[in-house]
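**Student:** Okay, handing you the structure first.
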Amino acid sequence: MQITFLVANEVFTCRFDLRHGLAHVSGGRFPEPGTAGNLPSGECYIVPYEGELQDASVTSGILPVQFNHEVVLYRLEENRAVDVVSDGPFSDSEKDRIHKEPAYANIAETGFGVLHDFGIRPIGEILLDEKLGRHIAFGRSDHFGGITGPALFSSPEAV
Ligand SMILES: [Fe+2]
């Protein structure tokens, strides 16, 4: 799957390797006793292939993420943010963070929320806001099918 981003008239492209994994639906129904999920619901999502089998992940490209008025441009290779190619205080901070905490640099999820089409607007809470549209998550993935778990982080506080 390829996603193209338009940022200030500049085009950036990311390719996400969706092989080997299963997508999940967060539809708000938990018909099997003992099943857990987060609420509100309203997305489907998948952990991109993290390279745990013989072949390398082909998730790659430039991923733009806005922090206040700055757009941080992460360079992705093999399903990880390996560098930041933009300039500014958030870019510097994120560059430092992905090098100090490699598990944070893992691309953990690409999801497709649907609630924006029902008139819901962002409120600053990630579990709702991610359900509004397309989103990409960094870090831990083992709780929804990936291999990046707490043991790969430097401390419990870093997870
Ligand atoms: Fe999500």
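Ordered as shown in the structure tokens, chains take letters A, B, and onward, while each chain numbers its residues from 1 and ligands are numbered from 1 in the order shown.
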Based on the backbone DSSP call, show me all residues of range 4-107 of chain A assigned alpha helix (DSSP H), as a PyMOL selection string.
**Tutor:** chain A and resi 89-100
**Student:** For the contact check between chain A and ligand 1, emit one row per residue of chain A within 8 Å, containing the shortest atom pair and the distance in Å rounded to one decimal, counting only C-alpha atoms and all ligand atoms, chain then rising number order, as JSON lines.
**Tutor:**
```
{"residue": "A:Glu43", "atom": "CA", "partner": "ligand 1", "partner_atom_place_in_ligand_line": "1 (Fe)", "distance": 6.4}
{"residue": "A:Cys44", "atom": "CA", "partner": "ligand 1", "partner_atom_place_in_ligand_line": "1 (Fe)", "distance": 7.1}
{"residue": "A:Tyr45", "atom": "CA", "partner": "ligand 1", "partner_atom_place_in_ligand_line": "1 (Fe)", "distance": 5.7}
{"residue": "A:Glu109", "atom": "CA", "partner": "ligand 1", "partner_atom_place_in_ligand_line": "1 (Fe)", "distance": 6.7}
{"residue": "A:Thr110", "atom": "CA", "partner": "ligand 1", "partner_atom_place_in_ligand_line": "1 (Fe)", "distance": 6.8}
{"residue": "A:Gly111", "atom": "CA", "partner": "ligand 1", "partner_atom_place_in_ligand_line": "1 (Fe)", "distance": 4.7}
{"residue": "A:Phe112", "atom": "CA", "partner": "ligand 1", "partner_atom_place_in_ligand_line": "1 (Fe)", "distance": 6.9}
{"residue": "A:Gly113", "atom": "CA", "partner": "ligand 1", "partner_atom_place_in_ligand_line": "1 (Fe)", "distance": 7.1}
{"residue": "A:Leu127", "atom": "CA", "partner": "ligand 1", "partner_atom_place_in_ligand_line": "1 (Fe)", "distance": 7.7}
{"residue": "A:Glu130", "atom": "CA", "partner": "ligand 1", "partner_atom_place_in_ligand_line": "1 (Fe)", "distance": 5.5}
{"residue": "A:Lys131", "atom": "CA", "partner": "ligand 1", "partner_atom_place_in_ligand_line": "1 (Fe)", "distance": 6.5}
{"residue": "A:His135", "atom": "CA", "partner": "ligand 1", "partner_atom_place_in_ligand_line": "1 (Fe)", "distance": 6.5}
{"residue": "A:Ile136", "atom": "CA", "partner": "ligand 1", "partner_atom_place_in_ligand_line": "1 (Fe)", "distance": 7.4}
{"residue": "A:Ala137", "atom": "CA", "partner": "ligand 1", "partner_atom_place_in_ligand_line": "1 (Fe)", "distance": 7.4}
```
**Student:** Take the residues just selected and output them with N, CA and C atoms as a PDB file, in the first residue's frame.
**Tutor:**
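Ended up saving to part16.pdb:
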```pdb
ATOM      1  N   GLU A  43     -12.587   1.860  13.311  1.00  0.00           N
ATOM      2  CA  GLU A  43     -11.430   1.800  12.419  1.00  0.00           C
ATOM      3  C   GLU A  43     -11.179   0.357  12.024  1.00  0.00           C
ATOM      4  N   CYS A  44     -10.405   0.190  10.972  1.00  0.00           N
ATOM      5  CA  CYS A  44      -9.740  -1.078  10.719  1.00  0.00           C
ATOM      6  C   CYS A  44      -8.246  -0.755  10.697  1.00  0.00           C
ATOM      7  N   TYR A  45      -7.435  -1.734  11.049  1.00  0.00           N
ATOM      8  CA  TYR A  45      -6.008  -1.461  11.162  1.00  0.00           C
ATOM      9  C   TYR A  45      -5.206  -2.723  10.933  1.00  0.00           C
ATOM     10  N   GLU A 109       1.471   0.481  13.268  1.00  0.00           N
ATOM     11  CA  GLU A 109       0.090   0.382  12.792  1.00  0.00           C
ATOM     12  C   GLU A 109      -0.134   1.339  11.641  1.00  0.00           C
ATOM     13  N   THR A 110      -0.891   0.879  10.676  1.00  0.00           N
ATOM     14  CA  THR A 110      -1.545   1.823   9.770  1.00  0.00           C
ATOM     15  C   THR A 110      -3.030   1.523   9.860  1.00  0.00           C
ATOM     16  N   GLY A 111      -3.793   2.569  10.114  1.00  0.00           N
ATOM     17  CA  GLY A 111      -5.218   2.383  10.378  1.00  0.00           C
ATOM     18  C   GLY A 111      -6.063   3.328   9.551  1.00  0.00           C
ATOM     19  N   PHE A 112      -7.319   2.961   9.446  1.00  0.00           N
ATOM     20  CA  PHE A 112      -8.277   3.733   8.660  1.00  0.00           C
ATOM     21  C   PHE A 112      -9.515   3.963   9.512  1.00  0.00           C
ATOM     22  N   GLY A 113      -9.596   5.154  10.096  1.00  0.00           N
ATOM     23  CA  GLY A 113     -10.767   5.489  10.889  1.00  0.00           C
ATOM     24  C   GLY A 113     -11.877   6.033  10.011  1.00  0.00           C
ATOM     25  N   LEU A 127      -7.224   7.974  21.365  1.00  0.00           N
ATOM     26  CA  LEU A 127      -8.110   6.838  21.076  1.00  0.00           C
ATOM     27  C   LEU A 127      -9.375   7.249  20.339  1.00  0.00           C
ATOM     28  N   GLU A 130      -7.734   8.978  16.495  1.00  0.00           N
ATOM     29  CA  GLU A 130      -7.253   8.035  15.476  1.00  0.00           C
ATOM     30  C   GLU A 130      -8.403   7.433  14.676  1.00  0.00           C
ATOM     31  N   LYS A 131      -9.607   7.456  15.231  1.00  0.00           N
ATOM     32  CA  LYS A 131     -10.754   6.861  14.534  1.00  0.00           C
ATOM     33  C   LYS A 131     -11.338   7.800  13.485  1.00  0.00           C
ATOM     34  N   HIS A 135      -4.377   6.883   9.778  1.00  0.00           N
ATOM     35  CA  HIS A 135      -3.364   7.188  10.781  1.00  0.00           C
ATOM     36  C   HIS A 135      -2.269   6.137  10.780  1.00  0.00           C
ATOM     37  N   ILE A 136      -1.121   6.526  11.318  1.00  0.00           N
ATOM     38  CA  ILE A 136       0.045   5.661  11.384  1.00  0.00           C
ATOM     39  C   ILE A 136       0.604   5.801  12.791  1.00  0.00           C
ATOM     40  N   ALA A 137       0.926   4.663  13.416  1.00  0.00           N
ATOM     41  CA  ALA A 137       1.425   4.695  14.791  1.00  0.00           C
ATOM     42  C   ALA A 137       2.848   4.174  14.858  1.00  0.00           C
TER      43      ALA A 137
END
```
**Student:** Check the smallest atom-to-atom distance from each of A:Leu18, A:Val159, A:Ile3, A:Ala151 to Pro64 in chain A using only C-alpha atoms, then report the winner.
**Tutor:** A:Ile3
**Student:** Please provide as a PDB file with N, CA and C atoms, in the first residue's frame all residues within 12 Å of Arg29 in chain A, with the sequence filter that same-chain residues fewer than 2 positions apart are discarded (counting only C-alpha atoms).
**Tutor:**
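Just written: part-v7.pdb:
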```
ATOM      1  N   VAL A  25     -10.639  -5.377  12.612  1.00  0.00           N
ATOM      2  CA  VAL A  25     -11.702  -4.387  12.591  1.00  0.00           C
ATOM      3  C   VAL A  25     -12.022  -3.983  14.033  1.00  0.00           C
ATOM      4  N   SER A  26     -12.205  -2.708  14.238  1.00  0.00           N
ATOM      5  CA  SER A  26     -12.656  -2.200  15.529  1.00  0.00           C
ATOM      6  C   SER A  26     -14.052  -1.640  15.301  1.00  0.00           C
ATOM      7  N   GLY A  27     -15.015  -2.532  15.391  1.00  0.00           N
ATOM      8  CA  GLY A  27     -16.384  -2.158  15.065  1.00  0.00           C
ATOM      9  C   GLY A  27     -17.278  -1.950  16.263  1.00  0.00           C
ATOM     10  N   PRO A  31     -18.387  -9.972  20.454  1.00  0.00           N
ATOM     11  CA  PRO A  31     -19.311 -11.087  20.660  1.00  0.00           C
ATOM     12  C   PRO A  31     -18.708 -12.269  21.410  1.00  0.00           C
ATOM     13  N   GLU A  32     -17.381 -12.378  21.416  1.00  0.00           N
ATOM     14  CA  GLU A  32     -16.752 -13.501  22.112  1.00  0.00           C
ATOM     15  C   GLU A  32     -16.410 -13.088  23.541  1.00  0.00           C
ATOM     16  N   PRO A  33     -16.916 -13.817  24.547  1.00  0.00           N
ATOM     17  CA  PRO A  33     -16.542 -13.498  25.936  1.00  0.00           C
ATOM     18  C   PRO A  33     -15.019 -13.511  26.111  1.00  0.00           C
ATOM     19  N   THR A  35     -13.020 -11.173  25.056  1.00  0.00           N
ATOM     20  CA  THR A  35     -12.376 -10.341  24.049  1.00  0.00           C
ATOM     21  C   THR A  35     -12.346  -8.893  24.538  1.00  0.00           C
ATOM     22  N   ALA A  36     -11.223  -8.222  24.330  1.00  0.00           N
ATOM     23  CA  ALA A  36     -11.098  -6.821  24.742  1.00  0.00           C
ATOM     24  C   ALA A  36     -10.830  -5.949  23.522  1.00  0.00           C
ATOM     25  N   GLY A  37     -11.119  -4.685  23.650  1.00  0.00           N
ATOM     26  CA  GLY A  37     -10.839  -3.731  22.593  1.00  0.00           C
ATOM     27  C   GLY A  37     -10.971  -2.348  23.156  1.00  0.00           C
ATOM     28  N   ASN A  38     -10.475  -1.350  22.409  1.00  0.00           N
ATOM     29  CA  ASN A  38     -10.606   0.002  22.937  1.00  0.00           C
ATOM     30  C   ASN A  38     -11.836   0.690  22.341  1.00  0.00           C
ATOM     31  N   LEU A  39     -12.330   1.647  23.086  1.00  0.00           N
ATOM     32  CA  LEU A  39     -13.487   2.427  22.662  1.00  0.00           C
ATOM     33  C   LEU A  39     -13.108   3.899  22.705  1.00  0.00           C
ATOM     34  N   PRO A  40     -13.616   4.740  21.846  1.00  0.00           N
ATOM     35  CA  PRO A  40     -14.609   4.412  20.842  1.00  0.00           C
ATOM     36  C   PRO A  40     -14.019   3.544  19.736  1.00  0.00           C
ATOM     37  N   SER A  41     -14.891   2.841  19.050  1.00  0.00           N
ATOM     38  CA  SER A  41     -14.464   2.024  17.927  1.00  0.00           C
ATOM     39  C   SER A  41     -14.621   2.849  16.650  1.00  0.00           C
ATOM     40  N   GLY A  42     -14.349   2.221  15.518  1.00  0.00           N
ATOM     41  CA  GLY A  42     -14.537   2.935  14.265  1.00  0.00           C
ATOM     42  C   GLY A  42     -13.323   2.960  13.367  1.00  0.00           C
TER      43      GLY A  42
END
```
**Student:** Rounded to one decimal in Å, what is the spacing between CA of Gly61 in chain A and CA of Pro89 in chain A?
**Tutor:** 21.9 Å
**Student:** What is the distance between CA of Pro122 in chain A and CA of Ala108 in chain A, in Å to one decimal?
**Tutor:**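 Going from CA of Pro122 in chain A over to CA of Ala108 in chain A, I get 21.5 Å.
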**Student:** Please report the interatomic distance between CA of Leu22 in chain A and CA of Arg134 in chain A in Å with one decimal.
**Tutor:** 17.5 Å
**Student:** Got a sec: who's within 10 Å of Arg19 in chain A, counting only C-alpha atoms, leaving out chain neighbours fewer than 3 positions off, as a list in words?
**Tutor:** Met1, Phe16, Leu22, Val47, Pro48, Tyr49, Glu50, Gly51, Ser57 and Val58 of chain A
**Student:** Where does DSSP see strand (DSSP E) in range 25-154 of chain A, if you list the residues as number ranges by chain?
**Tutor:** A: 25-26, 43-46, 60-67, 70-77, 80-84, 107-113, 134-138
**Student:** Emit the selected residues as a PDB file, in the first residue's frame, including C-alpha atoms.
**Tutor:**
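Result file follows (again09.pdb):
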```
ATOM      1  CA  VAL A  25     -11.702  -4.387  12.591  1.00  0.00           C
ATOM      2  CA  SER A  26     -12.656  -2.200  15.529  1.00  0.00           C
ATOM      3  CA  GLU A  43     -11.430   1.800  12.419  1.00  0.00           C
ATOM      4  CA  CYS A  44      -9.740  -1.078  10.719  1.00  0.00           C
ATOM      5  CA  TYR A  45      -6.008  -1.461  11.162  1.00  0.00           C
ATOM      6  CA  ILE A  46      -3.027  -3.642  10.421  1.00  0.00           C
ATOM      7  CA  SER A  60       9.902   2.777   3.290  1.00  0.00           C
ATOM      8  CA  GLY A  61       9.677   6.384   2.178  1.00  0.00           C
ATOM      9  CA  ILE A  62       9.255   9.798   3.773  1.00  0.00           C
ATOM     10  CA  LEU A  63       6.556  10.106   6.426  1.00  0.00           C
ATOM     11  CA  PRO A  64       5.471  13.658   7.334  1.00  0.00           C
ATOM     12  CA  VAL A  65       4.027  14.260  10.818  1.00  0.00           C
ATOM     13  CA  GLN A  66       2.906  17.670  12.038  1.00  0.00           C
ATOM     14  CA  PHE A  67       3.948  18.865  15.505  1.00  0.00           C
ATOM     15  CA  GLU A  70       6.447  22.130  12.220  1.00  0.00           C
ATOM     16  CA  VAL A  71       6.284  19.145   9.881  1.00  0.00           C
ATOM     17  CA  VAL A  72       8.753  16.449  10.868  1.00  0.00           C
ATOM     18  CA  LEU A  73       9.893  14.310   7.942  1.00  0.00           C
ATOM     19  CA  TYR A  74      10.877  10.802   9.007  1.00  0.00           C
ATOM     20  CA  ARG A  75      12.812   8.644   6.568  1.00  0.00           C
ATOM     21  CA  LEU A  76      11.538   5.070   6.779  1.00  0.00           C
ATOM     22  CA  GLU A  77      13.457   1.930   5.855  1.00  0.00           C
ATOM     23  CA  ARG A  80      11.490   1.788  10.951  1.00  0.00           C
ATOM     24  CA  ALA A  81      12.108   5.506  11.123  1.00  0.00           C
ATOM     25  CA  VAL A  82      15.854   5.591  10.570  1.00  0.00           C
ATOM     26  CA  ASP A  83      16.360   9.337  10.245  1.00  0.00           C
ATOM     27  CA  VAL A  84      14.664  12.735  10.313  1.00  0.00           C
ATOM     28  CA  ILE A 107       5.981   1.493  12.427  1.00  0.00           C
ATOM     29  CA  ALA A 108       3.373  -0.273  14.542  1.00  0.00           C
ATOM     30  CA  GLU A 109       0.090   0.382  12.792  1.00  0.00           C
ATOM     31  CA  THR A 110      -1.545   1.823   9.770  1.00  0.00           C
ATOM     32  CA  GLY A 111      -5.218   2.383  10.378  1.00  0.00           C
ATOM     33  CA  PHE A 112      -8.277   3.733   8.660  1.00  0.00           C
ATOM     34  CA  GLY A 113     -10.767   5.489  10.889  1.00  0.00           C
ATOM     35  CA  ARG A 134      -6.064   7.453   8.149  1.00  0.00           C
ATOM     36  CA  HIS A 135      -3.364   7.188  10.781  1.00  0.00           C
ATOM     37  CA  ILE A 136       0.045   5.661  11.384  1.00  0.00           C
ATOM     38  CA  ALA A 137       1.425   4.695  14.791  1.00  0.00           C
ATOM     39  CA  PHE A 138       4.967   4.313  16.052  1.00  0.00           C
TER      40      PHE A 138
END
```
**Student:** Return the single residue from A:Gly139, A:Ser155, A:Glu78, A:Phe30 that is closest to Asp17 in chain A, with distances computed using only C-alpha atoms.
**Tutor:**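 Using only C-alpha atoms, Asp17 in chain A sits closest to A:Glu78.
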**Student:** Near Thr4 in chain A, within 8 Å and counting only C-alpha atoms, which residues show up once chain neighbours fewer than 3 positions away are dropped, as a list in words?
**Tutor:**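 So the residues in contact are Val11, Phe12, Thr13 and Cys14 of chain A.
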